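Student: File follows, final-v4.cif with mmCIF, N, CA and C atoms:
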```cif
data_entry
#
loop_
_atom_site.label_atom_id
_atom_site.label_comp_id
_atom_site.auth_asym_id
_atom_site.auth_seq_id
_atom_site.Cartn_x
_atom_site.Cartn_y
_atom_site.Cartn_z
N MET H 95 -10.63 -14.14 8.43
CA MET H 95 -11.66 -13.13 8.38
C MET H 95 -11.09 -11.83 8.96
N LEU H 96 -11.42 -10.73 8.34
CA LEU H 96 -10.95 -9.43 8.82
C LEU H 96 -11.68 -9.03 10.10
N ALA H 97 -10.97 -8.36 11.00
CA ALA H 97 -11.54 -7.91 12.26
C ALA H 97 -12.58 -6.81 12.05
N HIS H 98 -12.40 -6.00 11.01
CA HIS H 98 -13.37 -4.95 10.66
C HIS H 98 -13.15 -4.58 9.20
N PHE H 99 -13.99 -3.73 8.69
CA PHE H 99 -14.00 -3.42 7.26
C PHE H 99 -12.67 -2.85 6.75
N LEU H 100 -11.95 -2.09 7.57
CA LEU H 100 -10.70 -1.46 7.13
C LEU H 100 -9.45 -2.11 7.73
N ALA H 101 -9.59 -3.32 8.24
CA ALA H 101 -8.47 -4.00 8.90
C ALA H 101 -7.35 -4.38 7.94
N LEU H 102 -7.63 -4.39 6.65
CA LEU H 102 -6.61 -4.78 5.68
C LEU H 102 -5.37 -3.88 5.75
N GLY H 103 -5.55 -2.61 6.06
CA GLY H 103 -4.41 -1.70 6.18
C GLY H 103 -3.42 -2.16 7.23
N ASP H 104 -3.93 -2.55 8.40
CA ASP H 104 -3.04 -3.05 9.46
C ASP H 104 -2.35 -4.34 9.05
N LEU H 105 -3.07 -5.20 8.32
CA LEU H 105 -2.46 -6.45 7.86
C LEU H 105 -1.36 -6.19 6.84
N ILE H 106 -1.57 -5.21 5.96
CA ILE H 106 -0.53 -4.84 4.99
C ILE H 106 0.71 -4.35 5.73
N ILE H 107 0.52 -3.48 6.72
CA ILE H 107 1.66 -2.97 7.50
C ILE H 107 2.40 -4.13 8.17
N GLY H 108 1.66 -5.05 8.77
CA GLY H 108 2.29 -6.20 9.40
C GLY H 108 3.05 -7.06 8.42
N ARG H 109 2.49 -7.27 7.24
CA ARG H 109 3.14 -8.08 6.22
C ARG H 109 4.44 -7.43 5.74
N VAL H 110 4.39 -6.12 5.50
CA VAL H 110 5.60 -5.41 5.05
C VAL H 110 6.69 -5.51 6.10
N ASN H 111 6.34 -5.27 7.36
CA ASN H 111 7.34 -5.37 8.44
C ASN H 111 7.91 -6.77 8.57
N ALA H 112 7.06 -7.80 8.42
CA ALA H 112 7.53 -9.18 8.55
C ALA H 112 8.37 -9.63 7.36
N ALA H 113 7.94 -9.24 6.15
CA ALA H 113 8.62 -9.69 4.94
C ALA H 113 9.88 -8.89 4.63
N MET H 114 9.95 -7.66 5.16
CA MET H 114 11.08 -6.77 4.85
C MET H 114 11.64 -6.16 6.14
N PRO H 115 12.04 -7.00 7.10
CA PRO H 115 12.47 -6.46 8.39
C PRO H 115 13.67 -5.52 8.27
N GLY H 116 13.52 -4.36 8.90
CA GLY H 116 14.61 -3.40 8.93
C GLY H 116 14.85 -2.63 7.65
N GLN H 117 14.09 -2.88 6.60
CA GLN H 117 14.34 -2.19 5.34
C GLN H 117 13.70 -0.81 5.28
N PHE H 118 12.66 -0.59 6.08
CA PHE H 118 12.02 0.72 6.18
C PHE H 118 12.20 1.24 7.60
N ARG H 119 12.48 2.52 7.73
CA ARG H 119 12.51 3.13 9.06
C ARG H 119 11.11 3.37 9.58
N LEU H 120 10.13 3.46 8.68
CA LEU H 120 8.75 3.71 9.06
C LEU H 120 7.83 2.99 8.09
N VAL H 121 6.87 2.24 8.62
CA VAL H 121 5.77 1.68 7.83
C VAL H 121 4.51 2.04 8.60
N ALA H 122 3.67 2.90 8.00
CA ALA H 122 2.55 3.42 8.76
C ALA H 122 1.41 3.85 7.85
N HIS H 123 0.24 4.02 8.48
CA HIS H 123 -0.92 4.55 7.77
C HIS H 123 -0.70 6.03 7.46
N ALA H 124 -1.29 6.49 6.38
CA ALA H 124 -1.33 7.91 6.04
C ALA H 124 -2.75 8.22 5.59
N ALA H 125 -3.22 9.40 5.94
CA ALA H 125 -4.59 9.78 5.58
C ALA H 125 -4.72 10.01 4.08
N ASP H 126 -3.74 10.70 3.49
CA ASP H 126 -3.74 10.97 2.06
C ASP H 126 -2.35 11.39 1.62
N LEU H 127 -2.13 11.36 0.33
CA LEU H 127 -0.81 11.73 -0.18
C LEU H 127 -0.48 13.19 0.06
N ALA H 128 -1.46 14.06 -0.06
CA ALA H 128 -1.21 15.49 0.12
C ALA H 128 -0.80 15.82 1.55
N GLY H 129 -1.25 15.00 2.51
CA GLY H 129 -0.95 15.27 3.91
C GLY H 129 0.43 14.82 4.34
N VAL H 130 1.14 14.10 3.48
CA VAL H 130 2.48 13.65 3.83
C VAL H 130 3.45 14.81 3.57
N LYS H 131 3.99 15.36 4.63
CA LYS H 131 4.88 16.52 4.51
C LYS H 131 6.28 16.09 4.09
N ASP H 132 6.76 16.66 3.02
CA ASP H 132 8.07 16.30 2.50
C ASP H 132 9.19 16.57 3.49
N SER H 133 9.16 17.70 4.16
CA SER H 133 10.26 18.05 5.05
C SER H 133 10.31 17.18 6.30
N ALA H 134 9.17 16.59 6.69
CA ALA H 134 9.12 15.77 7.90
C ALA H 134 9.17 14.28 7.57
N GLN H 135 9.52 13.94 6.36
CA GLN H 135 9.49 12.56 5.91
C GLN H 135 10.59 11.72 6.53
N VAL H 136 10.22 10.56 7.07
CA VAL H 136 11.19 9.58 7.55
C VAL H 136 11.48 8.65 6.38
N THR H 137 12.75 8.54 6.01
CA THR H 137 13.10 7.70 4.86
C THR H 137 14.17 6.70 5.25
N PRO H 138 14.19 5.54 4.64
CA PRO H 138 13.15 5.08 3.74
C PRO H 138 11.87 4.76 4.52
N GLY H 139 10.75 5.04 3.86
CA GLY H 139 9.46 4.81 4.50
C GLY H 139 8.48 4.16 3.55
N CYS H 140 7.42 3.65 4.13
CA CYS H 140 6.33 3.07 3.35
C CYS H 140 5.03 3.51 3.99
N HIS H 141 4.24 4.25 3.25
CA HIS H 141 2.94 4.72 3.72
C HIS H 141 1.85 3.83 3.13
N VAL H 142 0.86 3.50 3.94
CA VAL H 142 -0.26 2.67 3.50
C VAL H 142 -1.51 3.53 3.55
N LEU H 143 -2.15 3.69 2.39
CA LEU H 143 -3.33 4.55 2.28
C LEU H 143 -4.52 3.78 1.76
N TYR H 144 -5.65 3.97 2.39
CA TYR H 144 -6.91 3.42 1.91
C TYR H 144 -7.38 4.27 0.74
N VAL H 145 -7.62 3.65 -0.41
CA VAL H 145 -8.05 4.38 -1.60
C VAL H 145 -9.57 4.39 -1.71
N GLY H 146 -10.22 3.25 -1.41
CA GLY H 146 -11.67 3.20 -1.48
C GLY H 146 -12.18 1.79 -1.66
N SER H 147 -13.49 1.68 -1.62
CA SER H 147 -14.17 0.39 -1.77
C SER H 147 -15.38 0.54 -2.67
N GLN H 148 -15.76 -0.56 -3.24
CA GLN H 148 -17.01 -0.61 -3.98
C GLN H 148 -17.50 -2.05 -3.96
N PRO H 149 -18.81 -2.22 -4.08
CA PRO H 149 -19.31 -3.59 -4.14
C PRO H 149 -18.68 -4.32 -5.31
N GLY H 150 -18.28 -5.55 -5.07
CA GLY H 150 -17.67 -6.35 -6.12
C GLY H 150 -18.71 -7.15 -6.85
N ALA H 151 -18.38 -8.38 -7.13
CA ALA H 151 -19.29 -9.27 -7.86
C ALA H 151 -20.61 -9.41 -7.12
N GLU H 152 -21.60 -9.82 -7.83
CA GLU H 152 -22.93 -10.00 -7.24
C GLU H 152 -23.05 -11.29 -6.45
N LEU H 153 -21.92 -11.90 -6.14
CA LEU H 153 -21.94 -13.12 -5.34
C LEU H 153 -22.24 -12.77 -3.90
N ARG H 154 -22.84 -13.70 -3.19
CA ARG H 154 -23.13 -13.48 -1.78
C ARG H 154 -22.50 -14.62 -0.97
N TYR H 155 -21.83 -14.25 0.09
CA TYR H 155 -21.26 -15.20 1.03
C TYR H 155 -21.90 -14.92 2.37
N SER H 156 -22.65 -15.84 2.88
CA SER H 156 -23.49 -15.68 4.07
C SER H 156 -24.33 -14.43 3.87
N SER H 157 -24.20 -13.43 4.74
CA SER H 157 -25.07 -12.26 4.61
C SER H 157 -24.34 -11.04 4.04
N SER H 158 -23.11 -11.19 3.61
CA SER H 158 -22.36 -10.02 3.15
C SER H 158 -22.05 -10.09 1.65
N VAL H 159 -22.06 -8.95 1.03
CA VAL H 159 -21.72 -8.82 -0.38
C VAL H 159 -20.19 -8.79 -0.50
N VAL H 160 -19.67 -9.25 -1.61
CA VAL H 160 -18.24 -9.14 -1.86
C VAL H 160 -17.89 -7.68 -2.12
N TRP H 161 -16.85 -7.19 -1.47
CA TRP H 161 -16.38 -5.81 -1.65
C TRP H 161 -15.00 -5.80 -2.26
N GLN H 162 -14.79 -4.86 -3.15
CA GLN H 162 -13.47 -4.63 -3.73
C GLN H 162 -12.86 -3.45 -2.98
N GLN H 163 -11.68 -3.65 -2.41
CA GLN H 163 -10.98 -2.57 -1.72
C GLN H 163 -9.65 -2.32 -2.41
N ASP H 164 -9.28 -1.05 -2.51
CA ASP H 164 -7.99 -0.67 -3.07
C ASP H 164 -7.18 0.06 -2.00
N TRP H 165 -5.90 -0.28 -1.95
CA TRP H 165 -4.95 0.32 -1.01
C TRP H 165 -3.69 0.72 -1.77
N LEU H 166 -3.08 1.82 -1.38
CA LEU H 166 -1.78 2.24 -1.92
C LEU H 166 -0.70 1.96 -0.90
N THR H 167 0.43 1.48 -1.38
CA THR H 167 1.65 1.52 -0.59
C THR H 167 2.55 2.51 -1.32
N VAL H 168 3.10 3.46 -0.60
CA VAL H 168 3.95 4.47 -1.22
C VAL H 168 5.34 4.38 -0.60
N VAL H 169 6.30 3.99 -1.41
CA VAL H 169 7.69 3.93 -0.98
C VAL H 169 8.26 5.34 -1.05
N VAL H 170 8.94 5.75 0.02
CA VAL H 170 9.50 7.09 0.09
C VAL H 170 10.99 6.98 0.41
N VAL H 171 11.82 7.55 -0.46
CA VAL H 171 13.27 7.60 -0.25
C VAL H 171 13.75 9.02 -0.54
N ARG H 172 14.93 9.33 -0.03
CA ARG H 172 15.50 10.66 -0.28
C ARG H 172 16.97 10.49 -0.66
N SER H 173 17.39 11.22 -1.66
CA SER H 173 18.79 11.23 -2.07
C SER H 173 19.34 12.63 -1.96
N ALA H 174 20.31 12.79 -1.08
CA ALA H 174 20.94 14.09 -0.92
C ALA H 174 22.07 14.28 -1.93
N VAL H 175 22.46 13.20 -2.61
CA VAL H 175 23.57 13.27 -3.56
C VAL H 175 23.23 14.19 -4.73
N ALA H 176 22.10 13.99 -5.33
CA ALA H 176 21.67 14.79 -6.48
C ALA H 176 20.17 14.98 -6.36
N PRO H 177 19.71 15.94 -5.58
CA PRO H 177 18.30 16.06 -5.24
C PRO H 177 17.31 16.00 -6.40
N LYS H 178 17.52 16.67 -7.49
CA LYS H 178 16.53 16.65 -8.58
C LYS H 178 16.86 15.63 -9.67
N GLN H 179 17.86 14.81 -9.43
CA GLN H 179 18.17 13.76 -10.38
C GLN H 179 17.74 12.43 -9.77
N LEU H 180 17.23 11.57 -10.57
CA LEU H 180 16.64 10.33 -10.06
C LEU H 180 17.65 9.24 -9.70
N THR H 181 18.90 9.37 -10.13
CA THR H 181 19.82 8.24 -10.00
C THR H 181 19.95 7.73 -8.57
N GLY H 182 20.25 8.57 -7.61
CA GLY H 182 20.42 8.12 -6.23
C GLY H 182 19.14 7.60 -5.62
N ALA H 183 18.05 8.31 -5.83
CA ALA H 183 16.76 7.91 -5.26
C ALA H 183 16.26 6.61 -5.89
N VAL H 184 16.44 6.46 -7.18
CA VAL H 184 15.99 5.22 -7.85
C VAL H 184 16.81 4.04 -7.37
N ALA H 185 18.10 4.23 -7.17
CA ALA H 185 18.94 3.14 -6.66
C ALA H 185 18.47 2.68 -5.28
N GLN H 186 17.97 3.61 -4.48
CA GLN H 186 17.44 3.25 -3.16
C GLN H 186 16.06 2.63 -3.27
N ALA H 187 15.21 3.19 -4.12
CA ALA H 187 13.81 2.76 -4.21
C ALA H 187 13.64 1.41 -4.90
N GLY H 188 14.45 1.13 -5.89
CA GLY H 188 14.28 -0.10 -6.68
C GLY H 188 14.18 -1.37 -5.86
N PRO H 189 15.15 -1.64 -4.97
CA PRO H 189 15.05 -2.86 -4.16
C PRO H 189 13.85 -2.85 -3.21
N LEU H 190 13.49 -1.68 -2.71
CA LEU H 190 12.34 -1.60 -1.80
C LEU H 190 11.03 -1.88 -2.53
N VAL H 191 10.88 -1.32 -3.72
CA VAL H 191 9.69 -1.57 -4.53
C VAL H 191 9.62 -3.05 -4.90
N GLY H 192 10.74 -3.62 -5.30
CA GLY H 192 10.77 -5.05 -5.62
C GLY H 192 10.40 -5.91 -4.43
N GLY H 193 10.88 -5.54 -3.26
CA GLY H 193 10.53 -6.27 -2.04
C GLY H 193 9.04 -6.19 -1.73
N LEU H 194 8.45 -5.01 -1.94
CA LEU H 194 7.00 -4.87 -1.72
C LEU H 194 6.21 -5.74 -2.68
N VAL H 195 6.62 -5.76 -3.93
CA VAL H 195 5.93 -6.59 -4.93
C VAL H 195 6.01 -8.06 -4.52
N ARG H 196 7.18 -8.51 -4.11
CA ARG H 196 7.33 -9.91 -3.68
C ARG H 196 6.49 -10.19 -2.43
N ALA H 197 6.42 -9.24 -1.52
CA ALA H 197 5.69 -9.44 -0.26
C ALA H 197 4.18 -9.41 -0.42
N LEU H 198 3.68 -8.57 -1.33
CA LEU H 198 2.24 -8.34 -1.37
C LEU H 198 1.50 -8.97 -2.56
N ALA H 199 2.14 -9.07 -3.71
CA ALA H 199 1.45 -9.62 -4.89
C ALA H 199 1.12 -11.08 -4.66
N GLY H 200 -0.16 -11.41 -4.68
CA GLY H 200 -0.60 -12.78 -4.49
C GLY H 200 -0.71 -13.22 -3.04
N TRP H 201 -0.42 -12.33 -2.11
CA TRP H 201 -0.51 -12.66 -0.68
C TRP H 201 -1.96 -12.65 -0.23
N GLN H 202 -2.37 -13.69 0.47
CA GLN H 202 -3.73 -13.75 1.01
C GLN H 202 -3.68 -13.31 2.47
N PRO H 203 -4.22 -12.13 2.76
CA PRO H 203 -4.08 -11.56 4.10
C PRO H 203 -4.92 -12.23 5.19
N ALA H 204 -6.03 -12.86 4.83
CA ALA H 204 -6.90 -13.47 5.83
C ALA H 204 -7.91 -14.36 5.13
N ASP H 205 -8.51 -15.26 5.91
CA ASP H 205 -9.63 -16.03 5.37
C ASP H 205 -10.73 -15.05 4.97
N GLY H 206 -11.41 -15.33 3.90
CA GLY H 206 -12.48 -14.45 3.44
C GLY H 206 -11.99 -13.29 2.59
N VAL H 207 -10.67 -13.25 2.31
CA VAL H 207 -10.08 -12.20 1.48
C VAL H 207 -9.27 -12.88 0.37
N GLU H 208 -9.56 -12.51 -0.86
CA GLU H 208 -8.79 -13.06 -1.98
C GLU H 208 -7.37 -12.48 -1.96
N PRO H 209 -6.40 -13.17 -2.57
CA PRO H 209 -5.04 -12.65 -2.62
C PRO H 209 -4.98 -11.26 -3.26
N LEU H 210 -4.06 -10.43 -2.77
CA LEU H 210 -3.88 -9.08 -3.31
C LEU H 210 -3.39 -9.14 -4.75
N MET H 211 -3.95 -8.27 -5.56
CA MET H 211 -3.55 -8.16 -6.95
C MET H 211 -3.04 -6.75 -7.21
N PRO H 212 -1.90 -6.60 -7.89
CA PRO H 212 -1.45 -5.25 -8.24
C PRO H 212 -2.31 -4.68 -9.36
N VAL H 213 -2.61 -3.40 -9.28
CA VAL H 213 -3.35 -2.69 -10.32
C VAL H 213 -2.66 -1.36 -10.56
N ALA H 214 -3.02 -0.69 -11.65
CA ALA H 214 -2.42 0.61 -11.97
C ALA H 214 -2.66 1.58 -10.81
N PRO H 215 -1.63 2.30 -10.37
CA PRO H 215 -1.77 3.12 -9.17
C PRO H 215 -2.69 4.33 -9.32
N GLY H 216 -2.84 4.83 -10.52
CA GLY H 216 -3.70 6.00 -10.70
C GLY H 216 -3.05 7.31 -10.32
N VAL H 217 -1.82 7.25 -9.88
CA VAL H 217 -1.06 8.44 -9.53
C VAL H 217 0.40 8.16 -9.90
N ALA H 218 1.06 9.17 -10.43
CA ALA H 218 2.43 9.00 -10.90
C ALA H 218 3.44 9.14 -9.77
N PRO H 219 4.62 8.54 -9.93
CA PRO H 219 5.70 8.80 -8.98
C PRO H 219 6.03 10.29 -8.97
N LEU H 220 6.62 10.74 -7.87
CA LEU H 220 6.93 12.16 -7.71
C LEU H 220 8.31 12.30 -7.10
N ILE H 221 9.12 13.21 -7.64
CA ILE H 221 10.36 13.58 -6.98
C ILE H 221 10.28 15.08 -6.67
N THR H 222 10.64 15.43 -5.46
CA THR H 222 10.51 16.81 -5.01
C THR H 222 11.82 17.56 -5.16
N GLU H 223 11.77 18.85 -4.87
CA GLU H 223 12.96 19.71 -4.98
C GLU H 223 14.09 19.28 -4.06
N VAL H 224 13.75 18.67 -2.94
CA VAL H 224 14.79 18.25 -1.99
C VAL H 224 15.25 16.81 -2.23
N GLY H 225 14.77 16.21 -3.31
CA GLY H 225 15.23 14.88 -3.68
C GLY H 225 14.47 13.72 -3.06
N THR H 226 13.27 13.97 -2.55
CA THR H 226 12.46 12.89 -2.01
C THR H 226 11.65 12.28 -3.15
N LEU H 227 11.74 10.97 -3.27
CA LEU H 227 11.04 10.24 -4.33
C LEU H 227 9.91 9.42 -3.72
N TYR H 228 8.73 9.55 -4.30
CA TYR H 228 7.53 8.82 -3.87
C TYR H 228 7.14 7.86 -4.99
N ILE H 229 7.10 6.57 -4.69
CA ILE H 229 6.73 5.56 -5.68
C ILE H 229 5.46 4.85 -5.19
N PRO H 230 4.30 5.09 -5.83
CA PRO H 230 3.06 4.43 -5.40
C PRO H 230 2.85 3.08 -6.08
N LEU H 231 2.38 2.13 -5.29
CA LEU H 231 1.93 0.83 -5.80
C LEU H 231 0.52 0.63 -5.28
N ARG H 232 -0.38 0.21 -6.14
CA ARG H 232 -1.78 0.03 -5.74
C ARG H 232 -2.13 -1.45 -5.72
N TRP H 233 -2.91 -1.83 -4.70
CA TRP H 233 -3.28 -3.22 -4.48
C TRP H 233 -4.78 -3.35 -4.37
N ARG H 234 -5.33 -4.40 -4.94
CA ARG H 234 -6.78 -4.63 -4.90
C ARG H 234 -7.05 -5.98 -4.22
N ALA H 235 -8.05 -5.96 -3.36
CA ALA H 235 -8.47 -7.19 -2.69
C ALA H 235 -9.97 -7.34 -2.80
N LEU H 236 -10.44 -8.56 -2.96
CA LEU H 236 -11.87 -8.84 -2.88
C LEU H 236 -12.13 -9.42 -1.50
N ILE H 237 -13.01 -8.76 -0.78
CA ILE H 237 -13.30 -9.14 0.60
C ILE H 237 -14.67 -9.77 0.66
N LYS H 238 -14.70 -11.00 1.14
CA LYS H 238 -15.95 -11.75 1.25
C LYS H 238 -16.57 -11.63 2.63
N GLN H 239 -15.71 -11.55 3.65
CA GLN H 239 -16.21 -11.57 5.02
C GLN H 239 -15.37 -10.70 5.93
N TRP H 240 -16.04 -10.07 6.87
CA TRP H 240 -15.39 -9.40 7.98
C TRP H 240 -16.37 -9.47 9.14
N THR H 241 -15.87 -9.27 10.33
CA THR H 241 -16.75 -9.39 11.50
C THR H 241 -17.50 -8.12 11.76
#
```
Kindly return the structure encoded in the file as structure tokens.
Tutor:
Amino acid sequence: MLAHFLALGDLIIGRVNAAMPGQFRLVAHAADLAGVKDSAQVTPGCHVLYVGSQPGAELRYSSSVVWQQDWLTVVVVRSAVAPKQLTGAVAQAGPLVGGLVRALAGWQPADGVEPLMPVAPGVAPLITEVGTLYIPLRWRALIKQWT
């Protein structure tokens, strides 16, 4: 059971750190994608963002409705070799993205929460002028219970 309605973010961070030890210099919450400053980016990094919630199925478990929550994990890498070319950044990001998929797809974070399912991220990857590449992955969970 989740400790509170938004506890899934902390569980995702814990799972990434446990499943991929030492692969990211930073795994942390972010308020939104626009607030992540490119020049201050710690790479490789993984940002965890709450996307939103909505009531799920009309099923009832005890006194709570099932909620659908979406979260983004955004892999961030930087390539100084060829800043506006994807080759260096993609070579760095590929294994990290694959590791996230293995760590999170189908993972059940807590009792009362269905396993995470990957869904379309709703936002495209981005490469900046300084060669920082952002790769978003979106995850959906059905939450039956929280305290």
Student: Would you write out, as a ChimeraX atom specification, every residue that the PyMOL selection byres ((chain H and resi 170) around 6) captures in this file?
Tutor: /H:137-141,168-169,171-172,227-229
Student: Selection in question (the file shown): the PyMOL selection byres ((chain H and resi 121) around 8). Which residues does it include, as a list in words?
Tutor: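 On this input, the PyMOL selection byres ((chain H and resi 121) around 8) captures Ile106, Ile107, Gly108, Val110, Asn111, Phe118, Arg119, Leu120, Ala122, His123, Ala124, Pro138, Gly139, Cys140, His141 and Val142 of chain H.
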Student: List every protein, DNA or RNA residue that has an atom no more than 8 Å from (-2.2, -5.3, -4.0) in the file's coordinate frame, counting all atoms listed in the file, and report them as a VMD selection string.
Tutor: chain H and resid 164 to 167 198 to 201 209 to 213 231 to 235
Student: Please report, as a PyMOL selection string, each residue of segment 103-217 of chain H to which DSSP assigns strand (DSSP E) when run on this structure's backbone.
Tutor: chain H and resi 120-123+139-155+158-172+211-213
Student: Which of these residues is nearest to Ala112 of chain H, using only C-alpha atoms: H:Ala128, H:Val207, H:Ala197, H:Val224?
Tutor: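 Ranked by minimum distance to Ala112 of chain H, first place goes to H:Ala197.
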Student: Can you tell me how far atom C of Leu127 of chain H sits from atom C of Pro230 of chain H, in Å to one decimal?
Tutor: 12.3 Å
Student: Select from chain H everything DSSP, run on the backbone, classes as alpha helix (DSSP H), then give the selection as a ChimeraX atom specification.
Tutor: /H:102-113,180-198
Student: For segment 200-219 of chain H, I'd like the enclosing box, axis-aligned and padded by 5 Å on every side, reported as JSON with centre and edge lengths in Å to one decimal.
Tutor:
```
{"center_x": -3.2, "center_y": -2.9, "center_z": -3.0, "size_x": 28.5, "size_y": 36.3, "size_z": 27.9}
```
Student: May I ask for the distance between atom CA of Thr181 of chain H and atom CA of Ile221 of chain H, given in Å to one decimal place?
Tutor: 11.3 Å
Student: Could you check how far atom N of Ala174 of chain H sits from atom C of Gly188 of chain H, in Å to one decimal?
Tutor: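 According to the coordinates, atom N of Ala174 of chain H and atom C of Gly188 of chain H are separated by 16.2 Å.
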Student: When you count only C-alpha atoms, which of these residues is closest to Val136 of chain H: H:Gln202, H:Gln186, H:Gln162, H:Thr226?
Tutor: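 Of all the options, H:Thr226 lies closest to Val136 of chain H.
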Student: Would you mind telling me which residue in H:Val160, H:Ser147, H:Arg109, H:Gln135 lies nearest to Gly225 of chain H when using only C-alpha atoms?
Tutor: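 The closest residue to Gly225 of chain H is H:Gln135.
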Student: I would like the residues chosen by the PyMOL selection byres ((chain H and resi 149) around 8) on the shown file; could you give them as a list in words?
Tutor: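 Matching residues under the PyMOL selection byres ((chain H and resi 149) around 8) are Ser147, Gln148, Gly150, Ala151, Glu152, Val159, Val160, Trp161, Gln162 and Gln163 of chain H.
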Student: May I have the selected residues written with N, CA and C atoms, as a PDB file, in the coordinates of the input?
Tutor:
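The result, stored in out_13.pdb:
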```pdb
ATOM      1  N   SER H 147     -13.490   1.680  -1.620  1.00  0.00           N
ATOM      2  CA  SER H 147     -14.170   0.390  -1.770  1.00  0.00           C
ATOM      3  C   SER H 147     -15.380   0.540  -2.670  1.00  0.00           C
ATOM      4  N   GLN H 148     -15.760  -0.560  -3.240  1.00  0.00           N
ATOM      5  CA  GLN H 148     -17.010  -0.610  -3.980  1.00  0.00           C
ATOM      6  C   GLN H 148     -17.500  -2.050  -3.960  1.00  0.00           C
ATOM      7  N   GLY H 150     -18.280  -5.550  -5.070  1.00  0.00           N
ATOM      8  CA  GLY H 150     -17.670  -6.350  -6.120  1.00  0.00           C
ATOM      9  C   GLY H 150     -18.710  -7.150  -6.850  1.00  0.00           C
ATOM     10  N   ALA H 151     -18.380  -8.380  -7.130  1.00  0.00           N
ATOM     11  CA  ALA H 151     -19.290  -9.270  -7.860  1.00  0.00           C
ATOM     12  C   ALA H 151     -20.610  -9.410  -7.120  1.00  0.00           C
ATOM     13  N   GLU H 152     -21.600  -9.820  -7.830  1.00  0.00           N
ATOM     14  CA  GLU H 152     -22.930 -10.000  -7.240  1.00  0.00           C
ATOM     15  C   GLU H 152     -23.050 -11.290  -6.450  1.00  0.00           C
ATOM     16  N   VAL H 159     -22.060  -8.950   1.030  1.00  0.00           N
ATOM     17  CA  VAL H 159     -21.720  -8.820  -0.380  1.00  0.00           C
ATOM     18  C   VAL H 159     -20.190  -8.790  -0.500  1.00  0.00           C
ATOM     19  N   VAL H 160     -19.670  -9.250  -1.610  1.00  0.00           N
ATOM     20  CA  VAL H 160     -18.240  -9.140  -1.860  1.00  0.00           C
ATOM     21  C   VAL H 160     -17.890  -7.680  -2.120  1.00  0.00           C
ATOM     22  N   TRP H 161     -16.850  -7.190  -1.470  1.00  0.00           N
ATOM     23  CA  TRP H 161     -16.380  -5.810  -1.650  1.00  0.00           C
ATOM     24  C   TRP H 161     -15.000  -5.800  -2.260  1.00  0.00           C
ATOM     25  N   GLN H 162     -14.790  -4.860  -3.150  1.00  0.00           N
ATOM     26  CA  GLN H 162     -13.470  -4.630  -3.730  1.00  0.00           C
ATOM     27  C   GLN H 162     -12.860  -3.450  -2.980  1.00  0.00           C
ATOM     28  N   GLN H 163     -11.680  -3.650  -2.410  1.00  0.00           N
ATOM     29  CA  GLN H 163     -10.980  -2.570  -1.720  1.00  0.00           C
ATOM     30  C   GLN H 163      -9.650  -2.320  -2.410  1.00  0.00           C
TER      31      GLN H 163
END
```
